[in-house]
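Chemist: I'm passing along work_17.txt; it holds compact mmCIF, C-alpha atoms and all ligand atoms.
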```txt
# COMPACT_ATOMS: atom_id res chain seq x y z
CA MET R 1 -5.19 -14.50 -3.10
CA SER R 2 -4.80 -11.01 -4.45
CA GLY R 3 -1.40 -11.57 -5.97
CA HIS R 4 0.63 -9.48 -3.54
CA SER R 5 2.98 -10.79 -0.95
CA THR R 6 4.57 -7.70 0.51
CA SER R 7 3.24 -5.72 3.40
CA ARG R 8 4.81 -2.59 1.96
CA ARG R 9 2.55 -2.83 -1.07
CA GLU R 10 -0.47 -3.25 1.18
CA ARG R 11 0.50 -0.06 2.96
CA ASN R 12 0.56 1.60 -0.45
CA ALA R 13 -2.84 0.25 -1.49
CA HIS R 14 -4.76 3.49 -1.23
CA PRO R 15 -6.48 5.81 -3.68
CA ILE R 16 -4.26 8.14 -5.70
CA PRO R 17 -2.15 10.15 -3.30
CA ASN R 18 -2.56 13.89 -3.66
CA ALA R 19 1.19 14.20 -3.83
CA LEU R 20 1.02 12.64 -7.27
CA ALA R 21 -0.68 15.63 -8.76
CA SER R 22 1.97 18.02 -7.56
CA ASN R 23 4.81 15.72 -8.63
CA ARG R 24 3.32 14.91 -12.00
CA HIS R 25 5.43 17.21 -14.09
CA GLN R 26 8.75 16.68 -12.39
CA ASN R 27 11.43 15.90 -14.92
CA PRO R 28 13.71 13.21 -13.53
CA ASP R 29 16.46 14.33 -15.90
CA THR R 30 16.63 17.74 -14.27
CA GLN R 31 16.94 16.31 -10.76
CA PRO R 32 20.01 14.68 -9.32
CA PRO R 33 19.34 10.94 -9.48
CA ASP R 34 19.59 8.98 -6.30
CA ILE R 35 21.70 6.05 -7.40
CA HIS R 36 21.48 2.81 -5.46
CA LEU R 37 23.26 0.05 -7.27
CA ILE R 38 21.94 -2.36 -4.70
CA PRO R 39 18.28 -1.56 -5.10
CA ASP R 40 16.61 -2.58 -1.89
CA THR R 41 17.55 -5.07 0.77
CA GLN R 42 13.92 -6.20 0.93
CA ALA R 43 13.57 -6.61 -2.83
CA PRO R 44 11.88 -9.86 -3.84
CA ASP R 45 13.90 -12.69 -5.38
CA TRP R 46 14.40 -11.93 -9.09
CA HIS R 47 15.74 -15.42 -9.86
CA GLY R 48 18.93 -14.19 -11.47
CA ARG R 49 17.45 -11.51 -13.72
CA PRO R 50 18.29 -7.81 -13.45
CA TYR R 51 14.60 -6.99 -12.94
CA TYR R 52 11.51 -8.47 -11.29
CA SER R 53 9.91 -10.45 -14.09
CA LEU R 54 6.46 -12.01 -14.08
CA ASP R 55 8.15 -15.39 -14.19
CA ALA R 56 9.99 -14.56 -10.95
CA TRP R 57 6.75 -13.35 -9.35
CA CYS R 58 5.05 -16.66 -10.24
CA LYS R 59 7.94 -18.63 -8.78
CA ASN R 60 8.02 -16.50 -5.61
CA THR R 61 4.28 -16.42 -5.03
CA LEU R 62 2.85 -19.58 -6.60
CA HIS R 63 6.07 -21.64 -6.49
CA ARG R 64 5.65 -22.69 -10.09
CA LYS R 65 6.08 -21.57 -13.66
CA CYS R 66 2.92 -20.18 -15.21
CA TYR R 67 1.77 -19.82 -18.80
CA LYS R 68 -0.45 -17.17 -20.29
CA ILE R 69 -3.27 -17.90 -22.70
CA ALA R 70 -4.59 -14.83 -24.54
CA LEU R 71 -8.35 -14.83 -24.97
CA ASN R 72 -10.90 -13.01 -27.06
CA ALA R 73 -14.16 -12.66 -25.12
CA HIS R 74 -15.88 -11.02 -28.11
CA MET R 75 -16.31 -7.54 -26.74
CA THR R 76 -15.67 -4.26 -28.51
CA CYS R 77 -14.28 -0.89 -27.43
CA PRO R 78 -15.82 2.57 -27.01
CA ASN R 79 -13.06 3.85 -29.29
CA ARG R 80 -14.39 1.62 -32.04
CA ASP R 81 -18.15 1.22 -31.63
CA GLY R 82 -18.90 4.94 -32.08
CA SER R 83 -19.37 5.73 -28.41
CA LYS R 84 -16.08 7.65 -28.33
CA GLY R 85 -14.78 7.01 -31.81
CA THR R 86 -14.84 4.57 -34.69
CA ARG R 87 -11.21 4.30 -35.75
CA GLY R 88 -9.69 3.20 -32.45
CA CYS R 89 -6.40 4.36 -30.99
CA ILE R 90 -4.08 5.21 -33.88
CA PHE R 91 -1.82 2.23 -33.20
CA CYS R 92 -4.56 -0.35 -32.60
CA SER R 93 -4.98 -3.14 -35.12
CA ALA R 94 -8.34 -4.37 -36.41
CA GLY R 95 -8.14 -7.23 -33.91
CA GLY R 96 -8.22 -4.80 -31.00
CA SER R 97 -4.63 -5.61 -29.99
CA GLY R 98 -5.70 -9.20 -29.48
CA GLU R 99 -4.09 -11.02 -32.41
CA PHE R 100 -2.48 -13.50 -30.05
CA ALA R 101 -5.81 -14.68 -28.70
CA VAL R 102 -6.21 -18.36 -29.48
CA SER R 103 -9.51 -17.82 -31.23
CA THR R 104 -11.27 -14.99 -32.93
CA THR R 105 -13.97 -17.11 -34.49
CA GLY R 106 -16.68 -17.14 -31.85
CA LYS R 107 -15.38 -19.88 -29.58
CA SER R 108 -16.33 -19.68 -25.92
CA VAL R 109 -13.78 -18.87 -23.23
CA PRO R 110 -13.60 -22.52 -22.01
CA GLU R 111 -13.11 -23.66 -25.62
CA GLN R 112 -10.35 -21.12 -26.12
CA LEU R 113 -8.69 -22.18 -22.88
CA ALA R 114 -8.78 -25.82 -23.99
CA GLU R 115 -7.34 -24.84 -27.36
CA GLY R 116 -4.62 -22.79 -25.69
CA GLU R 117 -3.74 -25.62 -23.31
CA ALA R 118 -3.48 -28.06 -26.21
CA LEU R 119 -1.13 -25.67 -28.05
CA LEU R 120 0.97 -25.18 -24.92
CA SER R 121 1.15 -28.91 -24.25
CA ARG R 122 2.80 -29.38 -27.64
CA LYS R 123 5.59 -27.03 -26.64
CA THR R 124 6.06 -27.82 -22.97
CA ALA R 125 5.13 -30.43 -20.38
CA LEU R 126 2.38 -28.69 -18.44
CA PRO R 127 2.20 -29.95 -14.87
CA ARG R 128 -0.85 -32.11 -14.29
CA ASP R 129 -3.48 -31.07 -11.74
CA ILE R 130 -1.68 -27.84 -10.87
CA PRO R 131 -3.25 -24.50 -11.80
CA CYS R 132 -0.59 -22.86 -13.94
CA ILE R 133 -2.55 -20.99 -16.61
CA ILE R 134 -3.10 -17.24 -16.53
CA ALA R 135 -6.23 -16.52 -18.54
CA TYR R 136 -5.48 -13.22 -20.23
CA PHE R 137 -8.51 -11.33 -21.52
CA GLN R 138 -6.61 -9.40 -24.14
CA ALA R 139 -8.62 -8.42 -27.21
CA TYR R 140 -10.44 -5.07 -27.18
CA THR R 141 -11.89 -3.73 -23.89
CA ASN R 142 -12.71 -6.58 -21.56
CA THR R 143 -15.07 -4.82 -19.18
CA TYR R 144 -17.12 -3.20 -21.96
CA ALA R 145 -20.19 -5.44 -21.80
CA PRO R 146 -23.23 -6.01 -19.54
CA VAL R 147 -22.14 -7.09 -16.10
CA GLU R 148 -24.07 -10.39 -16.44
CA TYR R 149 -21.97 -11.32 -19.45
CA LEU R 150 -18.76 -10.32 -17.69
CA GLU R 151 -19.72 -12.42 -14.68
CA GLN R 152 -20.21 -15.41 -16.94
CA VAL R 153 -16.94 -15.18 -18.86
CA PHE R 154 -14.73 -14.32 -15.89
CA SER R 155 -16.21 -16.90 -13.52
CA ARG R 156 -15.96 -19.59 -16.21
CA ALA R 157 -12.27 -18.87 -16.57
CA LEU R 158 -11.70 -18.74 -12.82
CA SER R 159 -13.59 -22.04 -12.41
CA SER R 160 -11.20 -23.86 -14.72
CA PRO R 161 -9.01 -26.15 -12.58
CA ARG R 162 -5.91 -25.33 -14.70
CA VAL R 163 -6.32 -21.56 -14.29
CA CYS R 164 -4.42 -19.92 -11.42
CA GLY R 165 -5.77 -16.44 -12.14
CA ILE R 166 -7.15 -14.05 -14.71
CA SER R 167 -5.83 -10.81 -16.10
CA ILE R 168 -8.35 -8.40 -17.60
CA ALA R 169 -7.17 -5.76 -20.08
CA THR R 170 -9.44 -2.74 -20.17
CA ARG R 171 -9.73 1.05 -20.24
CA PRO R 172 -10.15 3.22 -17.14
CA ASP R 173 -13.34 4.76 -18.57
CA CYS R 174 -14.94 1.29 -18.74
CA LEU R 175 -14.97 0.46 -15.03
CA PRO R 176 -18.37 1.59 -13.74
CA GLU R 177 -19.49 0.79 -10.22
CA ASP R 178 -21.35 -2.43 -11.08
CA VAL R 179 -18.26 -3.81 -12.84
CA LEU R 180 -16.05 -2.93 -9.87
CA VAL R 181 -18.53 -4.66 -7.54
CA LEU R 182 -18.38 -7.73 -9.79
CA LEU R 183 -14.57 -7.80 -9.83
CA SER R 184 -14.47 -7.45 -6.07
CA SER R 185 -17.02 -10.24 -5.59
CA LEU R 186 -15.09 -12.56 -7.95
CA LYS R 187 -11.98 -11.93 -5.90
CA ASP R 188 -13.91 -13.05 -2.82
CA ARG R 189 -15.50 -16.05 -4.57
CA PHE R 190 -12.16 -17.39 -5.81
CA PRO R 191 -9.79 -16.62 -2.93
CA GLU R 192 -7.26 -19.21 -4.08
CA LYS R 193 -6.91 -17.51 -7.46
CA PHE R 194 -5.84 -14.03 -8.49
CA LEU R 195 -7.61 -11.36 -10.48
CA TRP R 196 -5.63 -8.56 -12.10
CA VAL R 197 -6.75 -5.57 -14.15
CA GLU R 198 -4.54 -4.18 -16.93
CA LEU R 199 -5.04 -0.50 -17.67
CA GLY R 200 -3.81 1.24 -20.80
CA LEU R 201 -2.02 4.36 -19.64
CA GLN R 202 0.48 4.60 -22.54
CA THR R 203 1.68 8.07 -21.50
CA ILE R 204 1.00 10.74 -18.89
CA HIS R 205 1.27 13.51 -21.49
CA GLU R 206 -2.11 14.80 -22.58
CA SER R 207 -0.95 16.10 -25.97
CA THR R 208 0.35 12.64 -26.90
CA ALA R 209 -2.80 11.03 -25.49
CA ARG R 210 -4.90 13.25 -27.75
CA PHE R 211 -2.74 12.47 -30.76
CA ILE R 212 -3.07 8.72 -30.27
CA ARG R 213 -6.84 9.16 -29.63
CA ARG R 214 -6.67 7.41 -26.27
CA GLY R 215 -10.06 8.87 -25.43
CA TYR R 216 -9.68 9.64 -21.72
CA ASP R 217 -7.60 12.03 -19.68
CA LEU R 218 -5.21 11.41 -16.82
CA HIS R 219 -7.85 12.31 -14.25
CA CYS R 220 -10.05 9.47 -15.55
CA PHE R 221 -7.12 7.08 -15.32
CA GLU R 222 -6.27 8.16 -11.76
CA ASP R 223 -9.88 7.81 -10.66
CA ALA R 224 -10.10 4.22 -11.96
CA TYR R 225 -6.68 3.33 -10.59
CA GLY R 226 -7.63 4.64 -7.15
CA ARG R 227 -10.89 2.66 -7.14
CA LEU R 228 -9.12 -0.56 -8.07
CA GLN R 229 -6.47 0.05 -5.43
CA ALA R 230 -9.16 0.69 -2.83
CA LEU R 231 -10.67 -2.72 -3.67
CA GLY R 232 -7.27 -4.41 -3.38
CA ILE R 233 -7.28 -5.38 -7.06
CA PRO R 234 -3.73 -5.49 -8.44
CA VAL R 235 -3.24 -3.26 -11.47
CA ILE R 236 -0.81 -3.69 -14.36
CA LEU R 237 -0.14 -0.54 -16.36
CA HIS R 238 0.57 -0.49 -20.08
CA VAL R 239 3.04 2.14 -21.24
CA ILE R 240 4.16 2.60 -24.86
CA LEU R 241 7.71 3.69 -25.58
CA GLY R 242 8.45 5.59 -28.77
CA LEU R 243 5.14 7.35 -29.32
CA PRO R 244 5.37 10.03 -32.03
CA GLY R 245 6.68 13.32 -30.72
CA GLU R 246 7.64 12.06 -27.27
CA SER R 247 11.16 12.78 -26.08
CA ARG R 248 13.21 10.51 -23.84
CA ALA R 249 12.67 13.02 -21.01
CA GLN R 250 8.88 12.77 -21.43
CA MET R 251 8.97 8.98 -21.37
CA LEU R 252 11.05 9.07 -18.20
CA GLU R 253 8.49 11.45 -16.68
CA THR R 254 5.90 8.74 -17.30
CA MET R 255 8.23 6.25 -15.58
CA ALA R 256 8.67 8.53 -12.56
CA TYR R 257 4.88 8.84 -12.34
CA VAL R 258 4.41 5.07 -12.51
CA ASP R 259 7.09 4.60 -9.87
CA ARG R 260 5.22 6.94 -7.53
CA LEU R 261 1.94 5.09 -8.18
CA ARG R 262 3.66 1.79 -7.34
CA PRO R 263 1.31 -0.51 -9.30
CA PHE R 264 1.54 -4.27 -9.01
CA GLY R 265 3.02 -4.47 -12.51
CA ILE R 266 3.90 -2.72 -15.73
CA LYS R 267 4.11 -3.68 -19.40
CA LEU R 268 6.70 -1.68 -21.32
CA GLN R 269 5.70 -1.88 -24.94
CA LEU R 270 7.68 -0.75 -27.92
CA LEU R 271 5.52 1.21 -30.36
CA HIS R 272 4.71 -1.01 -33.30
CA VAL R 273 3.46 0.17 -36.65
CA LEU R 274 0.85 -2.34 -37.79
CA GLN R 275 -0.87 -2.67 -41.14
CA GLY R 276 -4.28 -1.07 -41.42
CA THR R 277 -3.76 1.44 -38.62
CA ASP R 278 -3.77 5.21 -38.88
CA LEU R 279 -0.30 5.13 -37.36
CA ALA R 280 0.85 3.27 -40.47
CA GLU R 281 -0.35 6.20 -42.62
CA HIS R 282 1.61 8.71 -40.52
CA TYR R 283 4.63 6.42 -40.78
CA ALA R 284 4.30 6.04 -44.55
CA LYS R 285 4.27 9.85 -44.88
CA GLY R 286 7.54 9.98 -42.92
CA GLU R 287 5.99 11.96 -40.07
CA PHE R 288 7.84 10.04 -37.38
CA GLN R 289 10.47 7.37 -36.99
CA VAL R 290 10.36 4.18 -34.98
CA LEU R 291 13.04 3.44 -32.42
CA GLU R 292 16.20 1.67 -33.49
CA ARG R 293 17.11 -1.46 -31.55
CA GLU R 294 20.06 0.01 -29.64
CA ALA R 295 18.13 3.15 -28.70
CA TYR R 296 15.25 1.01 -27.47
CA LEU R 297 17.50 -1.16 -25.32
CA ASP R 298 18.97 1.96 -23.73
CA LEU R 299 15.52 3.40 -23.18
CA VAL R 300 14.15 0.25 -21.54
CA ALA R 301 17.22 0.12 -19.31
CA ASP R 302 16.60 3.78 -18.40
CA CYS R 303 13.00 2.93 -17.53
CA LEU R 304 13.78 -0.16 -15.46
CA GLU R 305 16.40 1.74 -13.50
CA ARG R 306 13.69 4.19 -12.45
CA LEU R 307 11.06 1.69 -11.30
CA SER R 308 10.74 0.31 -7.80
CA PRO R 309 12.26 -3.17 -7.42
CA GLU R 310 8.83 -4.38 -6.24
CA ILE R 311 6.99 -3.53 -9.46
CA VAL R 312 6.59 -6.69 -11.52
CA ILE R 313 7.79 -6.28 -15.10
CA HIS R 314 5.27 -8.13 -17.25
CA ARG R 315 6.75 -7.13 -20.60
CA VAL R 316 9.80 -5.32 -21.93
CA THR R 317 9.19 -5.58 -25.66
CA GLY R 318 6.29 -5.14 -28.00
CA ASP R 319 3.93 -7.86 -28.99
CA GLY R 320 3.21 -6.99 -32.61
CA PRO R 321 2.03 -9.91 -34.71
CA ARG R 322 4.64 -10.57 -37.41
CA ARG R 323 2.18 -10.92 -40.28
CA ILE R 324 0.97 -7.32 -39.95
CA LEU R 325 4.12 -5.74 -38.48
CA ILE R 326 5.45 -2.90 -40.64
CA ALA R 327 8.08 -1.52 -38.26
CA PRO R 328 10.35 -1.91 -36.42
CA LEU R 329 11.09 -5.30 -37.93
CA TRP R 330 13.98 -5.99 -35.54
CA SER R 331 11.41 -6.32 -32.74
CA ALA R 332 10.07 -9.56 -34.21
CA ASP R 333 13.06 -11.39 -32.71
CA LYS R 334 12.00 -11.24 -29.08
CA HIS R 335 14.75 -13.50 -27.77
CA SER R 336 17.39 -11.26 -29.27
CA VAL R 337 15.75 -8.20 -27.73
CA LEU R 338 15.59 -9.82 -24.29
CA ASN R 339 19.18 -11.04 -24.47
CA GLY R 340 20.28 -7.62 -25.66
CA LEU R 341 18.50 -5.96 -22.75
CA HIS R 342 20.11 -8.25 -20.19
CA ARG R 343 23.51 -7.55 -21.76
CA ARG R 344 22.86 -3.81 -21.77
CA LEU R 345 21.93 -3.77 -18.08
CA LYS R 346 25.02 -5.81 -17.27
CA GLU R 347 27.24 -3.40 -19.22
CA ARG R 348 25.71 -0.50 -17.33
CA GLY R 349 26.11 -2.32 -14.03
CA SER R 350 22.50 -1.54 -13.29
CA VAL R 351 19.33 -3.25 -12.20
CA GLN R 352 15.68 -2.33 -11.76
CA GLY R 353 15.30 0.57 -9.37
CA CYS R 354 18.93 1.66 -9.19
CA ARG R 355 18.22 5.21 -10.39
CA ARG R 356 14.93 5.90 -8.70
CA ALA R 357 14.13 9.39 -7.51
CA LEU R 358 13.15 8.64 -3.93
CA THR R 359 9.77 9.94 -2.80
S1 LIG R 401 -8.61 1.16 -26.18
FE1 LIG R 401 -7.52 -0.74 -26.73
S2 LIG R 401 -8.95 -1.92 -28.03
FE2 LIG R 401 -9.72 0.20 -27.90
S3 LIG R 401 -8.91 1.19 -29.74
FE3 LIG R 401 -7.46 1.62 -28.06
S4 LIG R 401 -5.93 -0.02 -28.12
FE4 LIG R 401 -7.68 -0.67 -29.39
```
Could you take the file, read its structure, and then write that structure out as structure tokens?
Modeler:
Amino acid sequence: MSGHSTSRRERNAHPIPNALASNRHQNPDTQPPDIHLIPDTQAPDWHGRPYYSLDAWCKNTLHRKCYKIALNAHMTCPNRDGSKGTRGCIFCSAGGSGEFAVSTTGKSVPEQLAEGEALLSRKTALPRDIPCIIAYFQAYTNTYAPVEYLEQVFSRALSSPRVCGISIATRPDCLPEDVLVLLSSLKDRFPEKFLWVELGLQTIHESTARFIRRGYDLHCFEDAYGRLQALGIPVILHVILGLPGESRAQMLETMAYVDRLRPFGIKLQLLHVLQGTDLAEHYAKGEFQVLEREAYLDLVADCLERLSPEIVIHRVTGDGPRRILIAPLWSADKHSVLNGLHRRLKERGSVQGCRRALT
């Protein structure tokens, strides 16, 4: 199972369309929006939410609730090991954005999964004998290792009877041919499970990408995205809202670009300032401000309104660990942010996709 249920998405599963390049710098704010308050008669069931959440996708596709366990497979990142840089992206914490992984102390993937399941079982009654765990390879760059090692860690996770699929967070410049062949073969070996790849896009604007030291350009991203699409591997894009120097119009340009790409999913992440990062130094010097709560809610609503109703929304807030979070502190209360977002969309009478620029 590749994780997709719609034939329309299959028709869109092709390498990067050339049209993207020419549309890349369109500013949606300067074009008359095409407003459809009823987004799409063929939109999937959102289970009462104003957008297509991951929870709704799991219910629609797997007919069950699923739970994510974040893992640390003990890899590193070319932005940290000296290959491209040593200080990482300016917002990245020492844990490689993987502080929620159940273990950072050398435990194997099966051990971490067992630990994660035990933690989950204390909070909720996990269904017995039903695969309901998404093994999320989160920390650092999870395809940045010899292919033999990757084969071992991914197939171990996929072999776990409780795991319904894996999600692999990585960089587009860390998907060489042998890794793509491996991912494709794993997809074939475990047809009853899904395999997703999460790519850090963050922004389409090269000046911002250079400032945050992303370490690859948009062409590199598009090449990797096209290769994954060609293999039928669903891709989840990470986009950061509130990056220093980016205007609302620029962020909406990134949304319009993502909408045209039509990935399987997107994570909208609020920029967090974390202790020990270079971003924290810029913040301490007063060089930029983080988003206020109300502005963020409006911005996320703006973004959702511009995304196809078929794109699965995997995240609408940040995921900064509280113990090293410097700002914005309001983001630590995720429930309040989610409730606020639902209220804001209701007030605006809008839902995901209602202000898309049609292509
Ligand atoms: S690519 Fe990911 S792990 Fe590497 S420095 Fe950037 S955010 Fe951190």
Chemist: Which one is closest to Leu54 (chain R): R:Ala209, R:Leu231, R:Ile266, R:Leu150? Count all atoms listed in the file.
Modeler: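 Going through R:Ala209, R:Leu231, R:Ile266, R:Leu150 one by one, the smallest distance to Leu54 (chain R) is for R:Ile266.
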Chemist: Could you give me, as a list in words, the residues within 10 Å of His47 (chain R), counting all atoms listed in the file and dropping anything in the same chain fewer than 5 positions from it?
Modeler: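 Near neighbours after the sequence-gap exclusion: Tyr52, Ser53, Asp55, Ala56, Trp57, Lys59 and Asn60 of chain R.
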Chemist: Please compute the CA of Asp173 (chain R)-CA of Gly215 (chain R) distance, one decimal, in Å.
Modeler: 8.6 Å
Chemist: Using all atoms listed in the file, can you tell me which of R:Asp278, R:Glu253, R:Asp259, R:Glu117 comes closest to ligand LIG 401 (chain R)?
Modeler: R:Asp278
Chemist: For CA of Asp45 (chain R) and CA of Lys346 (chain R), quote the distance in Å rounded to one decimal.
Modeler: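 Computing it gives 17.7 Å between the two atoms.
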Chemist: Counting only C-alpha atoms and all ligand atoms, which protein, DNA or RNA residues come within 10 Å of ligand LIG 401 (chain R), given as a ChimeraX atom specification?
Modeler: /R:75-81,84-98,138-142,169-174,199-202,212-216
Chemist: Can I get the selected residues back with C-alpha atoms, as an mmCIF file, keeping the file's coordinate frame?
Modeler:
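That gives us selection27.cif:
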```cif
data_model
loop_
_atom_site.group_PDB
_atom_site.id
_atom_site.type_symbol
_atom_site.label_atom_id
_atom_site.label_comp_id
_atom_site.auth_asym_id
_atom_site.auth_seq_id
_atom_site.Cartn_x
_atom_site.Cartn_y
_atom_site.Cartn_z
ATOM 1 C CA MET R 75 -16.310 -7.540 -26.740
ATOM 2 C CA THR R 76 -15.670 -4.260 -28.510
ATOM 3 C CA CYS R 77 -14.280 -0.890 -27.430
ATOM 4 C CA PRO R 78 -15.820 2.570 -27.010
ATOM 5 C CA ASN R 79 -13.060 3.850 -29.290
ATOM 6 C CA ARG R 80 -14.390 1.620 -32.040
ATOM 7 C CA ASP R 81 -18.150 1.220 -31.630
ATOM 8 C CA LYS R 84 -16.080 7.650 -28.330
ATOM 9 C CA GLY R 85 -14.780 7.010 -31.810
ATOM 10 C CA THR R 86 -14.840 4.570 -34.690
ATOM 11 C CA ARG R 87 -11.210 4.300 -35.750
ATOM 12 C CA GLY R 88 -9.690 3.200 -32.450
ATOM 13 C CA CYS R 89 -6.400 4.360 -30.990
ATOM 14 C CA ILE R 90 -4.080 5.210 -33.880
ATOM 15 C CA PHE R 91 -1.820 2.230 -33.200
ATOM 16 C CA CYS R 92 -4.560 -0.350 -32.600
ATOM 17 C CA SER R 93 -4.980 -3.140 -35.120
ATOM 18 C CA ALA R 94 -8.340 -4.370 -36.410
ATOM 19 C CA GLY R 95 -8.140 -7.230 -33.910
ATOM 20 C CA GLY R 96 -8.220 -4.800 -31.000
ATOM 21 C CA SER R 97 -4.630 -5.610 -29.990
ATOM 22 C CA GLY R 98 -5.700 -9.200 -29.480
ATOM 23 C CA GLN R 138 -6.610 -9.400 -24.140
ATOM 24 C CA ALA R 139 -8.620 -8.420 -27.210
ATOM 25 C CA TYR R 140 -10.440 -5.070 -27.180
ATOM 26 C CA THR R 141 -11.890 -3.730 -23.890
ATOM 27 C CA ASN R 142 -12.710 -6.580 -21.560
ATOM 28 C CA ALA R 169 -7.170 -5.760 -20.080
ATOM 29 C CA THR R 170 -9.440 -2.740 -20.170
ATOM 30 C CA ARG R 171 -9.730 1.050 -20.240
ATOM 31 C CA PRO R 172 -10.150 3.220 -17.140
ATOM 32 C CA ASP R 173 -13.340 4.760 -18.570
ATOM 33 C CA CYS R 174 -14.940 1.290 -18.740
ATOM 34 C CA LEU R 199 -5.040 -0.500 -17.670
ATOM 35 C CA GLY R 200 -3.810 1.240 -20.800
ATOM 36 C CA LEU R 201 -2.020 4.360 -19.640
ATOM 37 C CA GLN R 202 0.480 4.600 -22.540
ATOM 38 C CA ILE R 212 -3.070 8.720 -30.270
ATOM 39 C CA ARG R 213 -6.840 9.160 -29.630
ATOM 40 C CA ARG R 214 -6.670 7.410 -26.270
ATOM 41 C CA GLY R 215 -10.060 8.870 -25.430
ATOM 42 C CA TYR R 216 -9.680 9.640 -21.720
#
```
Chemist: With only C-alpha atoms as the basis for distance, which of R:Gly349, R:Pro191, R:Gly82, R:Gly245 is at the shortest distance from Ser159 (chain R)?
Modeler: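 Smallest separation from Ser159 (chain R) among the options: R:Pro191.
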Chemist: Take CA of His314 (chain R) and CA of Lys267 (chain R) and report the distance between them in Å, one decimal.
Modeler: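 Separation between CA of His314 (chain R) and CA of Lys267 (chain R): 5.1 Å.
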Chemist: Nearest to Leu304 (chain R): which of R:Pro176, R:Gly340, R:Pro50, R:Gly286 is it, counting only C-alpha atoms?
Modeler: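 Counting only C-alpha atoms, the residue closest to Leu304 (chain R) is R:Pro50.
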Chemist: Using only C-alpha atoms, determine which residues lie at most 9 Å from Glu246 (chain R), disregarding the query and same-chain residues fewer than 5 positions distant; provide the list as a PyMOL selection string.
Modeler: chain R and resi 205+208+241+251
Chemist: Any chance you could export the current selection's C-alpha atoms as a CSV table (one decimal), in the coordinates of the input?
Modeler:
```csv
chain,number,residue,atom,x,y,z
R,205,HIS,CA,1.3,13.5,-21.5
R,208,THR,CA,0.4,12.6,-26.9
R,241,LEU,CA,7.7,3.7,-25.6
R,251,MET,CA,9.0,9.0,-21.4
```
Chemist: For region 112-126 of chain R, where the input has fewer atoms than it should, I would like N, CA and C atoms rebuilt and written as a PDB file, in the frame of the given file.
Modeler:
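Done, and the output landed in selection28.pdb:
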```
ATOM      1  N   GLN R 112     -11.635 -21.762 -25.825  1.00  0.00           N
ATOM      2  CA  GLN R 112     -10.350 -21.120 -26.120  1.00  0.00           C
ATOM      3  C   GLN R 112      -9.275 -21.574 -25.136  1.00  0.00           C
ATOM      4  N   LEU R 113      -9.661 -21.723 -23.867  1.00  0.00           N
ATOM      5  CA  LEU R 113      -8.690 -22.180 -22.880  1.00  0.00           C
ATOM      6  C   LEU R 113      -8.202 -23.590 -23.218  1.00  0.00           C
ATOM      7  N   ALA R 114      -9.160 -24.442 -23.624  1.00  0.00           N
ATOM      8  CA  ALA R 114      -8.780 -25.820 -23.990  1.00  0.00           C
ATOM      9  C   ALA R 114      -7.854 -25.807 -25.187  1.00  0.00           C
ATOM     10  N   GLU R 115      -8.178 -24.951 -26.159  1.00  0.00           N
ATOM     11  CA  GLU R 115      -7.340 -24.840 -27.360  1.00  0.00           C
ATOM     12  C   GLU R 115      -5.941 -24.351 -26.984  1.00  0.00           C
ATOM     13  N   GLY R 116      -5.901 -23.344 -26.121  1.00  0.00           N
ATOM     14  CA  GLY R 116      -4.620 -22.790 -25.690  1.00  0.00           C
ATOM     15  C   GLY R 116      -3.793 -23.817 -24.927  1.00  0.00           C
ATOM     16  N   GLU R 117      -4.458 -24.588 -24.062  1.00  0.00           N
ATOM     17  CA  GLU R 117      -3.740 -25.620 -23.310  1.00  0.00           C
ATOM     18  C   GLU R 117      -3.166 -26.677 -24.242  1.00  0.00           C
ATOM     19  N   ALA R 118      -3.957 -27.045 -25.256  1.00  0.00           N
ATOM     20  CA  ALA R 118      -3.480 -28.060 -26.210  1.00  0.00           C
ATOM     21  C   ALA R 118      -2.251 -27.527 -26.952  1.00  0.00           C
ATOM     22  N   LEU R 119      -2.291 -26.254 -27.352  1.00  0.00           N
ATOM     23  CA  LEU R 119      -1.130 -25.670 -28.050  1.00  0.00           C
ATOM     24  C   LEU R 119       0.092 -25.642 -27.135  1.00  0.00           C
ATOM     25  N   LEU R 120      -0.139 -25.244 -25.883  1.00  0.00           N
ATOM     26  CA  LEU R 120       0.970 -25.180 -24.920  1.00  0.00           C
ATOM     27  C   LEU R 120       1.567 -26.557 -24.676  1.00  0.00           C
ATOM     28  N   SER R 121       0.676 -27.544 -24.564  1.00  0.00           N
ATOM     29  CA  SER R 121       1.150 -28.910 -24.250  1.00  0.00           C
ATOM     30  C   SER R 121       2.070 -29.436 -25.333  1.00  0.00           C
ATOM     31  N   ARG R 122       1.900 -28.923 -26.570  1.00  0.00           N
ATOM     32  CA  ARG R 122       2.800 -29.380 -27.640  1.00  0.00           C
ATOM     33  C   ARG R 122       4.198 -28.816 -27.467  1.00  0.00           C
ATOM     34  N   LYS R 123       4.280 -27.680 -26.787  1.00  0.00           N
ATOM     35  CA  LYS R 123       5.590 -27.030 -26.640  1.00  0.00           C
ATOM     36  C   LYS R 123       6.263 -27.374 -25.322  1.00  0.00           C
ATOM     37  N   THR R 124       5.474 -27.628 -24.294  1.00  0.00           N
ATOM     38  CA  THR R 124       6.060 -27.820 -22.970  1.00  0.00           C
ATOM     39  C   THR R 124       5.222 -28.820 -22.175  1.00  0.00           C
ATOM     40  N   ALA R 125       5.859 -29.468 -21.203  1.00  0.00           N
ATOM     41  CA  ALA R 125       5.130 -30.430 -20.380  1.00  0.00           C
ATOM     42  C   ALA R 125       4.410 -29.669 -19.268  1.00  0.00           C
ATOM     43  N   LEU R 126       3.145 -29.410 -19.473  1.00  0.00           N
ATOM     44  CA  LEU R 126       2.380 -28.690 -18.440  1.00  0.00           C
ATOM     45  C   LEU R 126       2.187 -29.603 -17.240  1.00  0.00           C
TER      46      LEU R 126
END
```
